[in-house]
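Enquirer: Have a look at the structure that comes next, please.
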Amino acid sequence: MQKFYGQGHKATYIPALNNVNAQQFALTLIDKEGHIFSVGDDKVCFSIQSVSKVISLTMALNEVGEELWGRMDREPSGKAFDSLIHLEENNGIPSNPFLNSGAIVMADVLLEIYGDHTVDKYLHLMRRITGNETLQIDDKIYKSEKFNGHKNYAFANYIKSYGNIYNDVEDVLDVYFKFCSLSLTNLDLTKAFYYLMNKGQSLEGFQVTTPRHCKRINSLMFTCGTYNEVGDFAYLVGLPVKSSVSGAIAGCLPGAYTVSVWSPELNEKGNSYLGFKALEQLTTELDSSYLS
Ligand code: DON
């Protein structure tokens with residue numbers, strides 16, 4: 001395994017993300033029948049980061065349905081997850097829910113509905129779909145996100161200046177940072193994503209969302225889930241997936257399997273270097289991908 005490390009770099013813009021051993025790798029696959037195939041560091045905890053945007057989107061679609069698209073678009077931006085350019089061009093309307101700007105607006109949507117219970121609702125859902133009652137927000141990561149989240153403060157204030165954030169910026173970002181700071185293992189993450197493969201139903205038979213929402217979330221992961229490397233992911237991996245700066249990539253082949261990889265070293269586009277390679281090899285060797 002050693003020879004594969006050292007080709008990417010850990011995210012350092014959130015100092016707490018740097019406190020992780022970079023030379024780790026896990027891959028877990030769960031098939032439709034619930035069989036678990038898992039290798040590597042699959043029981044090591046990491047923060048979910050941007051993969052949480054898939055869960056926010058699920059919760060937001062469940063609550064407000066198509067109304068969500070009055071507050072954000074669903075187009076790939078072709079830009080980094082923390083680029084401000086489109087936001088200015090689009091008058092405070094994020095290009096898609098998987099950019100930081102989109103996730104911040106979703107945090108506002110959820111805060112409107114659940115108020116002070118928003119983070120509890122998220123934790124409850126995550127515990128239910130992973131079957132892991134011990135899941136928690138990692139306070140060190142949360143604080144590190146908050147004290148170094150200057151760009152996210154800029155996004156939130158900028159969006160609010162256009163009236164597309166209704167709540168207090170501090171409260172909205174608190175939700176956003178806490179969602180990103182959930183600590184879980186690669187095994188947990190793969191279980192959590194089972195509903196996206198299974199028409200909205202979790203591994204333990206709970207209907208997380210509708211089959212229609214599921215289809216839409218998968219479409220958005222396919223078109224917007226891996227920052228400005230989404231074309232290469234579609235071409236080389238061919239699965240709907242969502243990545244994060246902690247080095248996680250989670251996705252599924254609808255009706256067949258759900259899969260997650262985690263390895264903290266990132267490539268120049270901010271996606272897990274080894275995670276990307278592993279998924280490419282997996283879908284090639286299994287000869288199974290989204291559109292084939
Ligand atoms: O907002 C941030 O900077 C992180 N908490 C999440 C970033 C991430 O994983 C990349 N996002 N698409």
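Residue numbering restarts at 1 for every chain of the structure tokens, chains are lettered A, B, ... in their displayed order, and ligands are numbered from 1 as they appear.
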Step by step, measure atom-to-atom distances between ligand 1 and each residue using only C-alpha atoms and all ligand atoms, keep those at most 9 Å, then write them as a PyMOL selection string.
Expert: chain A and resi 13-14+48-53+80-82+98-101+103-104+141-142+145-146+148-149+151-152+176-181+225-227+242-248+270-271
Enquirer: Find the residues near Phe233 in chain A: any atom within 12 Å, counting only C-alpha atoms, skip ones fewer than 4 places away on the same chain, and give them as a PyMOL selection string.
Expert: chain A and resi 221-229+237-243+249+251+269+271-273+275-281+283+289-290
Enquirer: Quick one: distance from CA of Ile30 in chain A to CA of Thr190 in chain A in Å, one decimal?
Expert: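 Between these atoms lies a distance of 7.0 Å.
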Enquirer: I need the helix (DSSP H, G or I) residues of range 45-277 of chain A per DSSP on the backbone, written as a ChimeraX atom specification.
Expert: /A:49-70,85-89,100-130,139-147,150-161,169-180,186-192,194-197,211-224,227-236,273-277
Enquirer: For each of A:Asp138, A:Glu133, A:Glu89, A:Glu204, take the minimum atom-to-atom distance to Leu182 in chain A, counting only C-alpha atoms, then give the residue where this is smallest.
Expert: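 Residue with the minimum atom-to-atom distance to Leu182 in chain A: A:Asp138.
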Enquirer: Can you check which residues of range 2-224 of chain A DSSP gives as strand (DSSP E or B) on the backbone and send them as a list in words?
Expert: His9, Ala26, Leu27, Thr28, Leu29, Ile30, Asp31, Ile36, Phe37, Ser38, Val39, Gly40, Phe46, Ser47, Gln136, Ile137, Leu182, Ser183, Leu184, Gln201 and Gln207 of chain A
Enquirer: Could you tell me how far CA of Asn62 in chain A sits from CA of Asn157 in chain A, in Å to one decimal place?
Expert: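 Pair CA of Asn157 in chain A / CA of Asn62 in chain A returns 26.3 Å.
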Enquirer: From the options A:Leu17, A:Val54, A:Val259, A:Val109, which residue's atoms come nearest to Asn186 in chain A, counting only C-alpha atoms?
Expert: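 Using only C-alpha atoms, Asn186 in chain A sits closest to A:Val259.
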Enquirer: Would you compute the distance between CA of Tyr195 in chain A and CA of Val119 in chain A? Give it in Å to one decimal.
Expert: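 CA of Val119 in chain A lies at a distance of 20.5 Å from CA of Tyr195 in chain A.
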Enquirer: Find the residue from A:Met59, A:Leu266, A:Ile217, A:Val261 that sits nearest to Asp42 in chain A; use only C-alpha atoms when measuring.
Expert: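 The answer is A:Val261, which sits nearest to Asp42 in chain A.
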